[in-house]
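*Asks:* Enclosed is the structure file work-v7.cif (mmCIF, C-alpha atoms).
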data_query
loop_
_atom_site.label_atom_id
_atom_site.label_comp_id
_atom_site.auth_asym_id
_atom_site.auth_seq_id
_atom_site.Cartn_x
_atom_site.Cartn_y
_atom_site.Cartn_z
CA MET A 1 -3.68 32.90 -41.71
CA LYS A 2 -0.57 31.95 -39.76
CA LYS A 3 -1.35 30.45 -36.35
CA LEU A 4 0.36 31.69 -33.21
CA PHE A 5 1.51 29.51 -30.31
CA ALA A 6 3.50 30.74 -27.34
CA VAL A 7 5.09 30.15 -23.97
CA LEU A 8 4.56 32.58 -21.08
CA GLY A 9 7.08 32.87 -18.28
CA TYR A 10 9.14 35.27 -16.18
CA PRO A 11 12.00 35.05 -17.01
CA ILE A 12 11.69 33.27 -20.35
CA GLY A 13 15.00 33.69 -22.18
CA HIS A 14 16.25 30.28 -21.01
CA SER A 15 13.31 28.35 -22.48
CA MET A 16 14.18 25.64 -25.00
CA SER A 17 10.55 25.25 -26.07
CA PRO A 18 10.60 27.78 -28.96
CA ILE A 19 13.42 26.04 -30.86
CA MET A 20 12.01 22.58 -30.12
CA LEU A 21 8.42 23.36 -31.11
CA ASN A 22 9.10 25.69 -34.04
CA ASP A 23 11.17 22.87 -35.51
CA VAL A 24 8.28 20.37 -35.37
CA LEU A 25 5.79 22.94 -36.63
CA SER A 26 8.04 23.33 -39.67
CA TYR A 27 8.61 19.56 -39.95
CA TYR A 28 4.85 18.91 -40.18
CA GLU A 29 4.40 21.89 -42.53
CA ILE A 30 2.04 23.70 -40.16
CA ASP A 31 1.77 27.42 -40.97
CA ALA A 32 2.41 28.63 -37.43
CA HIS A 33 4.96 30.22 -35.15
CA TYR A 34 5.76 29.54 -31.48
CA HIS A 35 6.92 32.64 -29.60
CA PRO A 36 8.28 33.23 -26.07
CA PHE A 37 6.59 36.04 -24.13
CA LYS A 38 8.15 37.50 -20.99
CA VAL A 39 5.15 38.23 -18.78
CA SER A 40 5.53 39.53 -15.24
CA PRO A 41 3.08 38.32 -12.58
CA GLU A 42 1.47 41.77 -12.51
CA GLU A 43 0.81 41.62 -16.28
CA LEU A 44 -0.50 38.05 -16.44
CA GLU A 45 -4.24 38.82 -16.57
CA THR A 46 -3.70 41.54 -19.19
CA ALA A 47 -1.51 39.20 -21.25
CA ILE A 48 -4.13 36.44 -21.21
CA ARG A 49 -6.86 38.85 -22.32
CA GLY A 50 -4.61 40.08 -25.11
CA LEU A 51 -3.73 36.58 -26.34
CA LYS A 52 -7.38 35.61 -26.30
CA ALA A 53 -8.33 38.79 -28.20
CA ILE A 54 -5.86 38.10 -31.02
CA GLY A 55 -7.05 34.49 -31.32
CA ILE A 56 -3.93 32.65 -30.19
CA SER A 57 -4.23 28.95 -31.02
CA GLY A 58 -2.59 27.72 -27.82
CA PHE A 59 0.25 28.35 -25.42
CA ASN A 60 2.42 26.89 -22.70
CA VAL A 61 2.76 28.29 -19.20
CA THR A 62 5.92 28.06 -17.14
CA ILE A 63 7.29 29.46 -13.87
CA PRO A 64 5.89 31.47 -12.09
CA HIS A 65 2.44 31.38 -13.73
CA LYS A 66 1.32 27.73 -13.64
CA SER A 67 -1.05 28.22 -10.69
CA ALA A 68 -1.73 31.93 -11.03
CA ILE A 69 -3.19 31.53 -14.53
CA ILE A 70 -6.10 29.31 -13.48
CA PRO A 71 -8.59 32.12 -12.60
CA PHE A 72 -8.03 33.74 -16.01
CA LEU A 73 -9.00 30.67 -18.07
CA ASP A 74 -12.49 29.75 -19.24
CA SER A 75 -12.19 26.17 -18.01
CA VAL A 76 -9.58 23.79 -16.61
CA ASP A 77 -9.23 20.03 -17.04
CA ASP A 78 -10.08 18.08 -13.86
CA LEU A 79 -6.56 16.68 -13.42
CA ALA A 80 -4.93 20.10 -13.87
CA LEU A 81 -7.45 21.58 -11.43
CA SER A 82 -6.67 18.94 -8.80
CA ILE A 83 -2.92 19.47 -9.31
CA GLY A 84 -3.50 23.20 -9.07
CA ALA A 85 -1.29 23.99 -12.04
CA VAL A 86 -1.65 24.46 -15.79
CA ASN A 87 1.20 24.20 -18.28
CA THR A 88 -0.77 23.97 -21.55
CA VAL A 89 -3.68 26.06 -22.82
CA VAL A 90 -5.82 25.29 -25.86
CA ASN A 91 -8.03 27.81 -27.64
CA ASP A 92 -11.22 25.80 -28.16
CA ASN A 93 -13.47 27.97 -30.37
CA GLY A 94 -12.63 31.11 -28.44
CA LYS A 95 -12.54 29.46 -25.00
CA LEU A 96 -9.19 29.07 -23.25
CA VAL A 97 -8.97 25.59 -21.69
CA GLY A 98 -6.13 24.64 -19.32
CA TYR A 99 -4.37 21.28 -19.03
CA ASN A 100 -1.35 19.86 -17.25
CA THR A 101 0.86 17.61 -19.39
CA ASP A 102 3.77 17.44 -16.93
CA GLY A 103 2.69 14.26 -15.15
CA TYR A 104 1.63 12.42 -18.29
CA GLY A 105 4.79 13.66 -20.00
CA PHE A 106 6.87 12.10 -17.26
CA ILE A 107 4.99 8.79 -17.46
CA LYS A 108 5.21 8.69 -21.28
CA GLY A 109 8.97 8.95 -20.90
CA LEU A 110 8.95 5.76 -18.80
CA GLU A 111 7.20 3.62 -21.43
CA PRO A 112 10.44 2.08 -22.80
CA TYR A 113 11.05 0.66 -19.31
CA ILE A 114 7.61 0.13 -17.73
CA SER A 115 4.41 -1.07 -19.41
CA SER A 116 2.38 -1.34 -16.20
CA PHE A 117 2.75 0.06 -12.69
CA SER A 118 0.41 -2.46 -11.06
CA ASP A 119 3.31 -4.50 -9.68
CA LYS A 120 5.71 -1.59 -9.08
CA LYS A 121 6.67 0.14 -5.86
CA VAL A 122 7.44 3.81 -6.50
CA LEU A 123 9.18 6.40 -4.35
CA VAL A 124 8.78 10.11 -5.10
CA ILE A 125 11.42 12.42 -3.63
CA GLY A 126 10.07 15.90 -2.95
CA ALA A 127 6.63 17.43 -2.36
CA GLY A 128 6.66 20.57 -4.51
CA GLY A 129 4.84 21.47 -7.72
CA ALA A 130 6.58 18.93 -9.94
CA ALA A 131 6.07 16.18 -7.36
CA ARG A 132 2.38 17.04 -7.18
CA ALA A 133 1.90 16.73 -10.95
CA ILE A 134 3.81 13.44 -11.12
CA TYR A 135 2.27 11.95 -7.95
CA PHE A 136 -1.35 12.79 -8.89
CA THR A 137 -0.91 11.43 -12.43
CA MET A 138 0.99 8.38 -11.22
CA ALA A 139 -1.77 7.64 -8.68
CA LYS A 140 -4.16 7.13 -11.62
CA MET A 141 -1.83 4.35 -12.83
CA LYS A 142 -2.51 2.38 -9.59
CA PRO A 143 1.04 1.29 -8.67
CA LEU A 144 1.48 -1.35 -5.98
CA ALA A 145 2.88 1.36 -3.70
CA LEU A 146 3.41 5.09 -4.24
CA ASP A 147 5.31 6.68 -1.36
CA ILE A 148 6.62 10.22 -0.92
CA THR A 149 9.72 11.27 1.00
CA ASN A 150 10.47 14.89 1.78
CA ARG A 151 12.64 16.95 4.06
CA THR A 152 9.41 18.18 5.70
CA VAL A 153 7.23 15.08 6.18
CA ILE A 154 4.07 17.08 6.81
CA LYS A 155 4.24 18.44 3.24
CA ALA A 156 4.38 14.88 1.91
CA THR A 157 1.39 13.97 4.09
CA GLU A 158 -0.58 16.98 2.83
CA LEU A 159 0.19 16.06 -0.79
CA ILE A 160 -1.10 12.51 -0.27
CA LYS A 161 -4.28 13.79 1.39
CA ALA A 162 -4.89 16.28 -1.43
CA CYS A 163 -4.77 13.63 -4.17
CA PRO A 164 -8.26 12.87 -5.55
CA PHE A 165 -7.21 9.36 -6.59
CA GLU A 166 -6.86 6.43 -4.19
CA SER A 167 -3.35 5.10 -3.78
CA ASN A 168 -1.34 2.93 -1.40
CA SER A 169 0.89 5.73 -0.12
CA ARG A 170 3.02 6.63 2.86
CA ALA A 171 4.76 9.87 3.78
CA LEU A 172 8.34 9.11 4.82
CA SER A 173 11.20 11.06 6.28
CA LEU A 174 14.41 11.02 4.25
CA ASP A 175 15.99 8.73 6.85
CA GLU A 176 13.08 6.29 6.63
CA ALA A 177 13.23 6.27 2.84
CA GLU A 178 16.97 5.62 2.83
CA VAL A 179 16.54 2.59 5.09
CA GLN A 180 13.76 1.15 2.88
CA LEU A 181 15.23 2.14 -0.49
CA ASN A 182 15.83 -1.44 -1.64
CA GLU A 183 12.02 -2.01 -1.69
CA TYR A 184 11.43 0.37 -4.62
CA ASP A 185 11.35 -0.46 -8.32
CA VAL A 186 11.19 3.20 -9.36
CA VAL A 187 12.73 6.22 -7.62
CA ILE A 188 11.71 9.67 -8.88
CA GLN A 189 13.68 12.76 -7.85
CA THR A 190 11.45 15.84 -8.33
CA THR A 191 13.39 18.59 -6.55
CA MET A 192 16.00 21.01 -7.93
CA ILE A 193 18.73 19.43 -5.78
CA GLY A 194 21.73 18.60 -7.95
CA MET A 195 20.93 21.21 -10.58
CA TYR A 196 23.72 23.47 -11.86
CA PRO A 197 25.68 25.03 -10.14
CA ASN A 198 25.15 22.75 -7.10
CA VAL A 199 26.05 19.67 -9.10
CA LEU A 200 27.52 17.59 -6.24
CA GLU A 201 24.39 17.67 -4.07
CA THR A 202 22.02 14.71 -3.74
CA PRO A 203 18.65 14.60 -1.93
CA ILE A 204 19.07 11.09 -0.53
CA SER A 205 21.67 8.40 0.06
CA LEU A 206 21.55 5.52 -2.43
CA LYS A 207 23.44 3.11 -0.19
CA LYS A 208 20.51 0.65 -0.11
CA LEU A 209 19.29 1.19 -3.67
CA ASN A 210 18.02 -1.89 -5.50
CA ASN A 211 20.39 -2.27 -8.47
CA GLN A 212 17.43 -3.38 -10.62
CA ALA A 213 15.60 -0.10 -9.98
CA LEU A 214 14.86 2.70 -12.42
CA VAL A 215 16.08 6.04 -11.02
CA CYS A 216 14.70 9.22 -12.60
CA ASP A 217 15.71 12.83 -12.01
CA ILE A 218 13.63 15.66 -13.50
CA VAL A 219 16.77 17.86 -13.59
CA TYR A 220 18.45 18.07 -17.03
CA ASN A 221 21.24 20.57 -16.31
CA PRO A 222 23.55 18.74 -15.83
CA LEU A 223 22.34 15.84 -17.97
CA GLU A 224 23.67 13.42 -15.37
CA THR A 225 23.16 14.64 -11.82
CA GLN A 226 25.22 13.27 -8.96
CA LEU A 227 22.21 11.15 -7.98
CA LEU A 228 22.01 9.56 -11.43
CA LYS A 229 25.77 9.06 -11.54
CA GLU A 230 25.70 7.17 -8.23
CA ALA A 231 22.65 5.14 -9.31
CA ARG A 232 24.31 4.17 -12.60
CA GLN A 233 27.47 3.14 -10.76
CA LYS A 234 25.34 0.81 -8.61
CA GLY A 235 23.93 -0.84 -11.74
CA ALA A 236 20.52 0.84 -11.80
CA THR A 237 18.84 2.15 -14.96
CA VAL A 238 18.77 5.95 -15.01
CA GLN A 239 16.77 8.67 -16.78
CA ASN A 240 17.28 12.43 -16.70
CA GLY A 241 14.74 15.25 -17.06
CA VAL A 242 15.03 15.58 -20.83
CA GLU A 243 12.38 12.89 -21.40
CA MET A 244 9.79 14.64 -19.23
CA PHE A 245 10.50 17.97 -20.91
CA VAL A 246 10.24 16.52 -24.41
CA TYR A 247 7.09 14.49 -23.76
CA GLN A 248 5.20 17.26 -21.97
CA GLY A 249 5.91 19.40 -25.03
CA ALA A 250 4.85 16.62 -27.38
CA LEU A 251 1.55 16.18 -25.53
CA ALA A 252 0.92 19.93 -25.70
CA PHE A 253 1.66 19.88 -29.44
CA GLU A 254 -0.81 17.04 -29.86
CA LYS A 255 -3.54 18.98 -28.04
CA TRP A 256 -2.99 21.98 -30.34
CA THR A 257 -2.60 20.18 -33.67
CA GLY A 258 -3.99 16.64 -33.32
CA ILE A 259 -0.52 15.32 -34.25
CA PHE A 260 1.69 13.43 -31.80
CA PRO A 261 5.12 14.61 -32.98
CA ASP A 262 8.43 12.87 -33.57
CA VAL A 263 9.85 12.80 -30.03
CA LYS A 264 13.21 11.50 -31.24
CA ARG A 265 13.60 14.65 -33.33
CA MET A 266 12.52 16.81 -30.38
CA ARG A 267 14.93 15.06 -28.01
CA GLU A 268 17.87 15.52 -30.35
CA ASN A 269 17.00 19.20 -30.71
CA VAL A 270 16.91 19.69 -26.93
CA LEU A 271 20.20 17.84 -26.46
CA ARG A 272 21.85 20.09 -29.07
CA GLN A 273 20.65 23.15 -27.16
CA LEU A 274 21.91 21.80 -23.85
CA GLU A 275 25.30 20.88 -25.30
CA ALA A 276 25.60 24.36 -26.82
#
Now that the file is in, can you turn its structure into structure tokens?
*Replies:*
Amino acid sequence: MKKLFAVLGYPIGHSMSPIMLNDVLSYYEIDAHYHPFKVSPEELETAIRGLKAIGISGFNVTIPHKSAIIPFLDSVDDLALSIGAVNTVVNDNGKLVGYNTDGYGFIKGLEPYISSFSDKKVLVIGAGGAARAIYFTMAKMKPLALDITNRTVIKATELIKACPFESNSRALSLDEAEVQLNEYDVVIQTTMIGMYPNVLETPISLKKLNNQALVCDIVYNPLETQLLKEARQKGATVQNGVEMFVYQGALAFEKWTGIFPDVKRMRENVLRQLEA
């Protein structure tokens, strides 16, 4: 019988996951289909019961359901529970189990540049949901320093306190981070600043950026944000949000099928969608 996978969101028409994941399902000759479902917040519990009843094999969860779905699952992985958000659900013999592959997806995307974080100083820009997933997962990697800068410093402080993993972290104002920017080996931009149509905006000045740094932006529309453009012009290595998107999907696919898919194929598929 054909397996069913899905992504739940509201809205959902913009999602690139169906094309990306249906392609790899076909590539690995898995008799399955990945379908987008538009589910309003009011219908979420009903939708989860329905998917469970029909025996869905697994599904992704996107905005605005990543936190709201937790009470409707049978169990949740410890990391996802501490982050407070689920983006991947596996049907394990009739039990719906929630995971969060966002943070690990981001870190997997850094592997071509960084093999160990033990000697790296990292700055995270932002203190929202994406920052939380990346910061909590990164804390498990034990970097030399893992600081957070945010417009509202108290939110950065609260995020650090909420992390269940020990880390050498400070909460910084944007001004403080700008002054100390040359200290960091990795700078991670986790907000929506610079996303289309506000493509000229940047969250922080790069005047003191270390030109040997790796600068990452989770935004992928545009593919090169103003922040990445300025970082590249200063000689830094840059990475956009495509890698995180592709790898979080690859990790979800692996949880469902036991196969870690061809990320090069997935990346090319996503880039074709974005260019179109």
*Asks:* Once you add 4 Å to each side, what are the centre and edge lengths of the axis-aligned box holding all listed atoms of range 218-226 of chain A? One decimal in Å, as lines of an AutoDock Vina configuration file, if you can.
*Replies:*
center_x = 19.4
center_y = 16.9
center_z = -13.5
size_x = 19.6
size_y = 15.3
size_z = 17.0
*Asks:* Check the smallest atom-to-atom distance from each of A:Leu8, A:Met20, A:Ile188, A:Leu209 to Ala68 in chain A using only C-alpha atoms, then report the winner.
*Replies:* A:Leu8
*Asks:* Counting only C-alpha atoms, which of A:Asn22, A:His33, A:Thr202, A:Ile63 gets nearest to Tyr10 in chain A?
*Replies:* A:Ile63
*Asks:* So what does the PyMOL selection byres ((chain A and resi 91-103) around 7) actually pick up in this one, as number ranges by chain?
*Replies:* A: 56-58, 73-77, 80, 85-90, 104-107, 133-134, 137, 248, 251-252
*Asks:* What's the separation between CA of Tyr135 in chain A and CA of Lys108 in chain A, in Å to one decimal place?
*Replies:*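 Here the two named atoms are 14.0 Å from each other.
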*Asks:* With the PyMOL selection byres ((chain A and resi 2) around 8) as the selection, what would be picked from this file? Answer as a ChimeraX atom specification, please.
*Replies:* /A:1,3-4,31-33
*Asks:* Could you name the residues that touch Leu174 in chain A at 7 Å or less, counting all atoms listed in the file, but leaving out those on the same chain fewer than 4 positions away, as a count of residues only?
*Replies:* 5
*Asks:* Can you pull out the residues contacting Leu200 in chain A? Cut-off 12 Å, using all atoms listed in the file, and skip same-chain residues under 3 positions away; I want them as a list in words.
*Replies:*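 In the requested form, the answer reads Ile193, Gly194, Met195, Tyr196, Pro197, Pro203, Pro222, Glu224, Thr225, Gln226, Leu227, Leu228, Lys229 and Glu230 of chain A.
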*Asks:* Determine, counting all atoms listed in the file, which protein, DNA and RNA residues have an atom within 10 Å of an atom of Val242 in chain A; residues of the same chain fewer than 4 positions away are not included. Present the result as a ChimeraX atom specification.
*Replies:* /A:106,109,217-221,223,246-247,266-268,270-271,274
